[in-house]
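Novice: What follows is coords_13.tsv, TSV, C-alpha atoms and all ligand atoms.
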chain	number	residue	atom	x	y	z
A	1	MET	CA	-40.96	67.59	83.13
A	2	THR	CA	-37.22	67.70	83.76
A	3	VAL	CA	-34.86	65.24	85.41
A	4	SER	CA	-32.57	67.08	87.84
A	5	ARG	CA	-28.95	65.88	87.86
A	6	GLU	CA	-27.21	64.00	90.69
A	7	THR	CA	-30.00	63.94	93.30
A	8	ASP	CA	-32.71	62.30	91.22
A	9	PRO	CA	-32.75	58.47	91.14
A	10	LEU	CA	-33.85	58.84	87.52
A	11	GLU	CA	-30.42	60.27	86.80
A	12	LYS	CA	-28.76	57.23	88.40
A	13	TYR	CA	-31.02	55.03	86.31
A	14	ALA	CA	-30.01	56.91	83.14
A	15	ALA	CA	-26.33	56.43	84.08
A	16	LEU	CA	-26.88	52.66	84.48
A	17	ILE	CA	-28.54	52.47	81.06
A	18	ARG	CA	-25.52	54.25	79.53
A	19	LYS	CA	-23.11	51.94	81.33
A	20	TRP	CA	-24.81	48.69	80.28
A	21	ASN	CA	-26.03	49.67	76.82
A	22	PRO	CA	-22.84	48.77	74.90
A	23	VAL	CA	-23.18	45.21	76.25
A	24	ILE	CA	-26.95	44.62	76.17
A	25	ASN	CA	-28.53	47.21	73.84
A	26	LEU	CA	-31.27	48.46	76.14
A	27	VAL	CA	-32.09	51.46	73.93
A	28	ALA	CA	-31.11	52.17	70.33
A	29	PRO	CA	-27.48	53.36	70.48
A	30	SER	CA	-28.41	56.38	68.34
A	31	THR	CA	-30.71	57.57	71.17
A	32	LEU	CA	-28.23	57.10	74.03
A	33	ASP	CA	-27.65	60.84	74.36
A	34	GLN	CA	-31.44	61.28	74.74
A	35	VAL	CA	-32.10	58.85	77.59
A	36	GLU	CA	-33.56	61.61	79.77
A	37	SER	CA	-35.13	63.84	77.10
A	38	ARG	CA	-36.64	61.06	75.02
A	39	HIS	CA	-37.03	57.75	76.89
A	40	ILE	CA	-37.48	58.85	80.49
A	41	ALA	CA	-39.54	61.93	79.61
A	42	ASP	CA	-41.81	59.69	77.52
A	43	CYS	CA	-42.38	57.43	80.53
A	44	LEU	CA	-42.90	60.35	82.92
A	45	GLN	CA	-45.97	61.24	80.86
A	46	LEU	CA	-47.41	57.88	81.81
A	47	VAL	CA	-46.62	58.56	85.48
A	48	THR	CA	-48.59	61.82	85.21
A	49	ILE	CA	-51.65	60.53	83.42
A	50	SER	CA	-51.91	57.43	85.63
A	51	ALA	CA	-51.57	59.41	88.87
A	52	LYS	CA	-54.89	58.06	90.21
A	53	ALA	CA	-53.96	54.43	89.53
A	54	ARG	CA	-53.95	52.12	92.54
A	55	GLY	CA	-53.03	48.49	93.09
A	56	PRO	CA	-50.44	46.19	91.55
A	57	TRP	CA	-48.82	47.28	88.29
A	58	LEU	CA	-47.38	44.97	85.63
A	59	ASP	CA	-44.99	46.24	82.95
A	60	MET	CA	-44.75	43.69	80.11
A	61	GLY	CA	-41.67	43.44	77.87
A	62	SER	CA	-39.86	45.90	80.12
A	63	GLY	CA	-36.51	45.66	78.31
A	64	GLY	CA	-34.29	48.11	80.16
A	65	GLY	CA	-37.19	49.13	82.42
A	66	LEU	CA	-39.12	51.59	80.28
A	67	PRO	CA	-41.62	52.48	81.62
A	68	GLY	CA	-41.62	50.03	84.58
A	69	ILE	CA	-38.54	51.33	86.41
A	70	VAL	CA	-39.53	54.98	85.90
A	71	LEU	CA	-42.94	54.19	87.32
A	72	ALA	CA	-41.50	52.27	90.28
A	73	ILE	CA	-39.21	55.21	91.11
A	74	ARG	CA	-41.98	57.80	90.98
A	75	ARG	CA	-44.70	55.60	92.54
A	76	PRO	CA	-43.09	53.83	95.52
A	77	ASP	CA	-46.65	53.14	96.76
A	78	LEU	CA	-47.29	50.71	93.89
A	79	PRO	CA	-45.99	47.13	93.73
A	80	VAL	CA	-44.47	46.95	90.23
A	81	THR	CA	-43.75	43.68	88.43
A	82	LEU	CA	-41.49	43.68	85.38
A	83	LEU	CA	-42.12	40.76	83.02
A	84	GLU	CA	-39.18	40.41	80.62
A	85	SER	CA	-38.07	37.15	79.01
A	86	ASP	CA	-34.50	38.20	78.12
A	87	LYS	CA	-32.30	36.93	80.96
A	88	ARG	CA	-29.56	39.54	80.47
A	89	LYS	CA	-32.10	42.34	80.59
A	90	GLY	CA	-33.47	40.67	83.72
A	91	SER	CA	-29.97	40.90	85.26
A	92	PHE	CA	-29.84	44.58	84.37
A	93	LEU	CA	-33.28	45.19	85.92
A	94	ARG	CA	-32.24	43.39	89.13
A	95	THR	CA	-29.10	45.52	89.30
A	96	VAL	CA	-31.16	48.71	88.90
A	97	ALA	CA	-33.64	47.61	91.57
A	98	ARG	CA	-30.78	46.81	93.97
A	99	GLU	CA	-28.68	49.92	93.34
A	100	LEU	CA	-31.68	52.25	93.53
A	101	GLU	CA	-33.12	50.34	96.51
A	102	LEU	CA	-36.47	49.88	94.79
A	103	THR	CA	-38.19	47.61	97.29
A	104	ASN	CA	-41.48	47.79	95.33
A	105	VAL	CA	-40.06	46.03	92.25
A	106	GLN	CA	-40.24	42.33	91.34
A	107	ILE	CA	-38.75	40.92	88.13
A	108	ILE	CA	-40.07	37.82	86.37
A	109	SER	CA	-37.84	36.40	83.62
A	110	GLU	CA	-40.47	34.51	81.65
A	111	ARG	CA	-42.46	34.85	78.46
A	112	ILE	CA	-45.68	36.81	78.75
A	113	GLU	CA	-47.76	34.11	77.06
A	114	SER	CA	-46.57	31.32	79.37
A	115	ALA	CA	-46.16	33.15	82.71
A	116	ARG	CA	-48.97	32.36	85.15
A	117	PRO	CA	-51.79	34.96	84.84
A	118	LEU	CA	-51.09	37.83	87.25
A	119	PHE	CA	-54.53	39.56	87.33
A	120	SER	CA	-52.82	42.91	87.75
A	121	SER	CA	-54.83	46.11	88.37
A	122	ASN	CA	-52.71	48.02	85.84
A	123	ILE	CA	-50.64	46.92	82.88
A	124	SER	CA	-48.22	48.94	80.78
A	125	ALA	CA	-46.23	48.15	77.66
A	126	ARG	CA	-43.97	50.26	75.45
A	127	ALA	CA	-42.66	49.22	72.04
A	128	LEU	CA	-43.68	45.60	72.63
A	129	ALA	CA	-46.06	44.34	69.91
A	130	PRO	CA	-48.80	45.46	67.50
A	131	LEU	CA	-52.04	46.19	69.34
A	132	PRO	CA	-54.04	43.05	68.31
A	133	LEU	CA	-51.30	40.79	69.76
A	134	LEU	CA	-50.70	43.12	72.70
A	135	MET	CA	-54.38	42.85	73.61
A	136	SER	CA	-54.06	39.08	74.04
A	137	TYR	CA	-51.10	39.65	76.41
A	138	VAL	CA	-53.11	42.25	78.35
A	139	HIS	CA	-56.16	39.99	78.51
A	140	ARG	CA	-54.06	37.18	80.02
A	141	HIS	CA	-52.65	39.28	82.87
A	142	LEU	CA	-55.16	42.08	83.62
A	143	ASP	CA	-57.75	42.00	86.38
A	144	PRO	CA	-61.11	42.22	84.51
A	145	ARG	CA	-61.75	45.57	86.29
A	146	GLY	CA	-58.22	46.75	85.55
A	147	ARG	CA	-56.71	49.33	83.24
A	148	ALA	CA	-54.09	48.99	80.50
A	149	TRP	CA	-51.70	51.80	79.56
A	150	LEU	CA	-50.20	51.11	76.15
A	151	MET	CA	-47.57	53.41	74.71
A	152	LYS	CA	-48.01	53.39	70.94
A	153	GLY	CA	-46.37	55.15	67.99
A	154	ARG	CA	-47.99	57.28	65.34
A	155	ASN	CA	-49.84	54.33	63.72
A	156	TRP	CA	-51.94	53.92	66.84
A	157	GLN	CA	-55.26	54.72	65.13
A	158	SER	CA	-54.91	51.96	62.52
A	159	GLU	CA	-53.74	49.55	65.24
A	160	VAL	CA	-56.89	50.36	67.23
A	161	GLU	CA	-59.02	49.70	64.12
A	162	GLU	CA	-57.35	46.30	63.66
A	163	ALA	CA	-57.67	45.40	67.34
A	164	ARG	CA	-61.39	46.24	67.36
A	165	LYS	CA	-61.98	43.40	64.87
A	166	ILE	CA	-61.16	40.97	67.68
A	167	TRP	CA	-61.48	42.92	70.93
A	168	SER	CA	-64.00	45.24	72.51
A	169	PHE	CA	-62.71	47.94	74.91
A	170	GLN	CA	-63.20	51.47	76.17
A	171	LEU	CA	-60.45	53.77	74.94
A	172	ASN	CA	-59.05	57.05	76.19
A	173	ALA	CA	-56.13	58.16	73.99
A	174	HIS	CA	-53.64	60.57	75.60
A	175	GLU	CA	-51.60	62.46	73.04
A	176	SER	CA	-47.82	62.21	73.54
A	177	HIS	CA	-45.93	65.44	74.19
A	178	THR	CA	-42.53	63.90	73.46
A	179	HIS	CA	-43.30	61.96	70.26
A	180	PRO	CA	-45.54	63.84	67.77
A	181	GLY	CA	-48.47	61.68	66.66
A	182	ALA	CA	-47.81	59.01	69.30
A	183	ALA	CA	-50.22	58.30	72.17
A	184	ILE	CA	-50.67	56.49	75.44
A	185	LEU	CA	-53.80	54.35	75.10
A	186	GLU	CA	-55.76	53.89	78.32
A	187	LEU	CA	-58.00	50.83	77.95
A	188	THR	CA	-60.69	49.41	80.18
A	189	ASP	CA	-63.53	46.83	79.86
A	190	ILE	CA	-61.46	44.59	77.61
A	191	ARG	CA	-63.33	41.59	76.17
A	192	TYR	CA	-63.46	39.48	73.05
A	193	ALA	CA	-65.67	41.31	70.50
A	201	LIG	C1	-38.46	46.66	71.76
A	201	LIG	S1	-38.15	46.15	73.40
A	201	LIG	C2	-38.92	47.46	74.32
A	201	LIG	C3	-38.39	47.51	75.72
A	201	LIG	C4	-38.94	48.66	76.58
A	201	LIG	N1	-40.35	48.48	76.88
A	201	LIG	C5	-38.66	49.99	75.95
A	201	LIG	O1	-39.60	50.71	75.60
A	201	LIG	O2	-37.48	50.34	75.79
A	201	LIG	C6	-39.28	44.79	73.66
A	201	LIG	C7	-38.91	43.94	74.86
A	201	LIG	O3	-39.93	42.99	75.08
A	201	LIG	C8	-39.34	41.73	75.37
A	201	LIG	N2	-40.30	40.72	74.90
A	201	LIG	C9	-40.74	40.56	73.62
A	201	LIG	N3	-41.63	39.57	73.55
A	201	LIG	C10	-41.76	39.08	74.83
A	201	LIG	C11	-42.55	38.03	75.38
A	201	LIG	N4	-43.36	37.30	74.63
A	201	LIG	N5	-42.44	37.81	76.72
A	201	LIG	C12	-41.61	38.56	77.49
A	201	LIG	N6	-40.85	39.57	77.01
A	201	LIG	C13	-40.91	39.81	75.68
A	201	LIG	C14	-38.02	41.71	74.60
A	201	LIG	O4	-37.08	40.84	75.19
A	201	LIG	C15	-37.61	43.17	74.68
A	201	LIG	O5	-36.79	43.40	75.80
As a first step, turn the structure in this file into structure tokens.
Specialist:
Amino acid sequence: MTVSRETDPLEKYAALIRKWNPVINLVAPSTLDQVESRHIADCLQLVTISAKARGPWLDMGSGGGLPGIVLAIRRPDLPVTLLESDKRKGSFLRTVARELELTNVQIISERIESARPLFSSNISARALAPLPLLMSYVHRHLDPRGRAWLMKGRNWQSEVEEARKIWSFQLNAHESHTHPGAAILELTDIRYA
């Protein structure tokens, strides 16, 4: 998957990340030259594997909008909510939504654990929290028939083992093509064990 220059809104998004990053630290400064090849490409994998997803989508702890903004750009048919407690990141996300004319995006600047439950059909999170804690966030905001898409690093198997001590769920792990050993965990039927 490549991001073509100039015409693609993803390229405008990458430019906004580069512009704001010195002020807000949206991605690690050491990865700023890899916004497209690392961060956006990582999120485009989620867009591909979730192609059949329908209904409202919630991205928790969106930060600079990864993967929520990428998803909103590529899936204009989905209403996408970005839940991010950091007010400055919220300002950045509002700027991106306005400049890219993303009419399917809503931003909520609250904490995940105190925001009113959203009962979303889909939930994503990237680099947010260890899986056992993340599951409690997902459980609060996911429709019981919904699907969670959790982007985890190479420790994902041990995180799943830990989470299964508290939670029961169906798991489909999609291997990452951008980060060796990492995976996107697709979870359904989430309940207390
Ligand atoms: C490490 S960053 C990852 C951001 C983005 N998902 C990414 O992959 O670049 C985690 C983000 O989650 C937000 N966050 C952490 N805990 C949160 C909470 N309890 N409620 C809302 N946002 C939270 C932080 O403000 C931060 O922007």
Novice: Give me the residues near Ile166 (chain A) as a ChimeraX atom specification, where near means some atom within 8 Å (using only C-alpha atoms) and where sequence neighbours in that chain fewer than 4 positions away do not count.
Specialist: /A:132,162,192-193
Novice: Please identify the residues whose atoms come within 7 Å of ligand LIG 201 (chain A), using only C-alpha atoms and all ligand atoms, and report them as a ChimeraX atom specification.
Specialist: /A:26-27,60-67,83-86,89,110-113,125-128
Novice: Go ahead and save the picked residues with C-alpha atoms, as a compact mmCIF listing (two decimals), keeping the file's coordinate frame.
Specialist:
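Saved file selection.txt follows:
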# COMPACT_ATOMS: atom_id res chain seq x y z
CA LEU A 26 -31.27 48.46 76.14
CA VAL A 27 -32.09 51.46 73.93
CA MET A 60 -44.75 43.69 80.11
CA GLY A 61 -41.67 43.44 77.87
CA SER A 62 -39.86 45.90 80.12
CA GLY A 63 -36.51 45.66 78.31
CA GLY A 64 -34.29 48.11 80.16
CA GLY A 65 -37.19 49.13 82.42
CA LEU A 66 -39.12 51.59 80.28
CA PRO A 67 -41.62 52.48 81.62
CA LEU A 83 -42.12 40.76 83.02
CA GLU A 84 -39.18 40.41 80.62
CA SER A 85 -38.07 37.15 79.01
CA ASP A 86 -34.50 38.20 78.12
CA LYS A 89 -32.10 42.34 80.59
CA GLU A 110 -40.47 34.51 81.65
CA ARG A 111 -42.46 34.85 78.46
CA ILE A 112 -45.68 36.81 78.75
CA GLU A 113 -47.76 34.11 77.06
CA ALA A 125 -46.23 48.15 77.66
CA ARG A 126 -43.97 50.26 75.45
CA ALA A 127 -42.66 49.22 72.04
CA LEU A 128 -43.68 45.60 72.63
Novice: If you measure from CA of Ser109 (chain A) to CA of Leu82 (chain A), what distance in Å do you get, rounded to one decimal?
Specialist: 8.3 Å
Novice: Please report the interatomic distance between CA of Lys19 (chain A) and CA of Trp149 (chain A) in Å with one decimal.
Specialist: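 Taking CA of Lys19 (chain A) as the start and CA of Trp149 (chain A) as the end point, the length is 28.6 Å.
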Novice: Contacts between region 178-185 of chain A and region 104-174 of chain A, please, where a residue of region 104-174 of chain A counts if it comes within 12 Å (with only C-alpha atoms); show its shortest atom pair and distance in Å to one decimal, rows by chain and ascending number, as JSON lines.
Specialist:
{"residue": "A:Ile123", "atom": "CA", "partner": "A:Leu185", "partner_atom": "CA", "distance": 11.2}
{"residue": "A:Ser124", "atom": "CA", "partner": "A:Ile184", "partner_atom": "CA", "distance": 9.6}
{"residue": "A:Ala125", "atom": "CA", "partner": "A:Ile184", "partner_atom": "CA", "distance": 9.7}
{"residue": "A:Arg126", "atom": "CA", "partner": "A:Ile184", "partner_atom": "CA", "distance": 9.1}
{"residue": "A:Ala127", "atom": "CA", "partner": "A:Ile184", "partner_atom": "CA", "distance": 11.3}
{"residue": "A:Leu131", "atom": "CA", "partner": "A:Leu185", "partner_atom": "CA", "distance": 10.1}
{"residue": "A:Leu134", "atom": "CA", "partner": "A:Leu185", "partner_atom": "CA", "distance": 11.9}
{"residue": "A:Met135", "atom": "CA", "partner": "A:Leu185", "partner_atom": "CA", "distance": 11.6}
{"residue": "A:Arg147", "atom": "CA", "partner": "A:Leu185", "partner_atom": "CA", "distance": 10.0}
{"residue": "A:Ala148", "atom": "CA", "partner": "A:Leu185", "partner_atom": "CA", "distance": 7.6}
{"residue": "A:Trp149", "atom": "CA", "partner": "A:Leu185", "partner_atom": "CA", "distance": 5.6}
{"residue": "A:Leu150", "atom": "CA", "partner": "A:Leu185", "partner_atom": "CA", "distance": 5.0}
{"residue": "A:Met151", "atom": "CA", "partner": "A:Ile184", "partner_atom": "CA", "distance": 4.4}
{"residue": "A:Lys152", "atom": "CA", "partner": "A:Ala183", "partner_atom": "CA", "distance": 5.5}
{"residue": "A:Gly153", "atom": "CA", "partner": "A:Ala182", "partner_atom": "CA", "distance": 4.3}
{"residue": "A:Arg154", "atom": "CA", "partner": "A:Ala182", "partner_atom": "CA", "distance": 4.3}
{"residue": "A:Asn155", "atom": "CA", "partner": "A:Ala182", "partner_atom": "CA", "distance": 7.6}
{"residue": "A:Trp156", "atom": "CA", "partner": "A:Ala182", "partner_atom": "CA", "distance": 7.0}
{"residue": "A:Gln157", "atom": "CA", "partner": "A:Ala183", "partner_atom": "CA", "distance": 9.4}
{"residue": "A:Glu159", "atom": "CA", "partner": "A:Leu185", "partner_atom": "CA", "distance": 11.0}
{"residue": "A:Val160", "atom": "CA", "partner": "A:Leu185", "partner_atom": "CA", "distance": 9.3}
{"residue": "A:Phe169", "atom": "CA", "partner": "A:Leu185", "partner_atom": "CA", "distance": 11.0}
{"residue": "A:Gln170", "atom": "CA", "partner": "A:Leu185", "partner_atom": "CA", "distance": 9.9}
{"residue": "A:Leu171", "atom": "CA", "partner": "A:Leu185", "partner_atom": "CA", "distance": 6.7}
{"residue": "A:Asn172", "atom": "CA", "partner": "A:Leu185", "partner_atom": "CA", "distance": 6.0}
{"residue": "A:Ala173", "atom": "CA", "partner": "A:Leu185", "partner_atom": "CA", "distance": 4.6}
{"residue": "A:His174", "atom": "CA", "partner": "A:Ile184", "partner_atom": "CA", "distance": 5.0}
Novice: Kindly indicate which residue among A:Leu118, A:Asn25, A:Ser158, A:His39 lies nearest to Phe92 (chain A), using all atoms listed in the file for the distances.
Specialist: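 Of the candidates, the smallest distance to Phe92 (chain A) is held by A:Asn25.
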Novice: Please, what distance in Å, to one decimal, runs between CA of Thr31 (chain A) and CA of Ala15 (chain A)?
Specialist: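 Taking CA of Thr31 (chain A) and CA of Ala15 (chain A), their separation equals 13.7 Å.
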Novice: Calculated over all atoms listed in the file, which of the candidates A:Val138, A:Ser120, A:Gly90, A:Val23 has the smallest distance to Ile108 (chain A)?
Specialist: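 Smallest distance to Ile108 (chain A) is found for A:Gly90.
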Novice: Please determine, counting only C-alpha atoms, which residue among A:Gly55, A:Pro130, A:Pro144, A:Gly68 has the shortest atom-to-atom distance to Ile107 (chain A).
Specialist: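 For Ile107 (chain A), the nearest of the candidates is A:Gly68.
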Novice: List as a PDB file with C-alpha atoms, in the coordinates of the input the protein and nucleic acid residues near Pro76 (chain A), meaning an atom at most 10 Å away when only C-alpha atoms are counted, but skip any in the same chain fewer than 2 places from it.
Specialist:
ATOM      1  CA  LEU A  71     -42.940  54.190  87.320  1.00  0.00           C
ATOM      2  CA  ALA A  72     -41.500  52.270  90.280  1.00  0.00           C
ATOM      3  CA  ILE A  73     -39.210  55.210  91.110  1.00  0.00           C
ATOM      4  CA  ARG A  74     -41.980  57.800  90.980  1.00  0.00           C
ATOM      5  CA  LEU A  78     -47.290  50.710  93.890  1.00  0.00           C
ATOM      6  CA  PRO A  79     -45.990  47.130  93.730  1.00  0.00           C
ATOM      7  CA  VAL A  80     -44.470  46.950  90.230  1.00  0.00           C
ATOM      8  CA  LEU A 102     -36.470  49.880  94.790  1.00  0.00           C
ATOM      9  CA  THR A 103     -38.190  47.610  97.290  1.00  0.00           C
ATOM     10  CA  ASN A 104     -41.480  47.790  95.330  1.00  0.00           C
ATOM     11  CA  VAL A 105     -40.060  46.030  92.250  1.00  0.00           C
TER      12      VAL A 105
END
Novice: Need to verify the contact set: Pro9 (chain A), 10 Å, all atoms listed in the file, exclusion of same-chain residues closer than 5 positions in sequence. Can you return it as a list in words?
Specialist: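 The filter keeps Val3, Ser4, Ala14, Ala15, Val70, Ile73, Arg74, Glu99, Leu100 and Glu101 of chain A.
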Novice: For those residues, write C-alpha atoms to a file as a compact mmCIF listing (two decimals), in the frame of the given file.
Specialist:
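result-v5.txt, written as the output of this step:
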# COMPACT_ATOMS: atom_id res chain seq x y z
CA VAL A 3 -34.86 65.24 85.41
CA SER A 4 -32.57 67.08 87.84
CA ALA A 14 -30.01 56.91 83.14
CA ALA A 15 -26.33 56.43 84.08
CA VAL A 70 -39.53 54.98 85.90
CA ILE A 73 -39.21 55.21 91.11
CA ARG A 74 -41.98 57.80 90.98
CA GLU A 99 -28.68 49.92 93.34
CA LEU A 100 -31.68 52.25 93.53
CA GLU A 101 -33.12 50.34 96.51
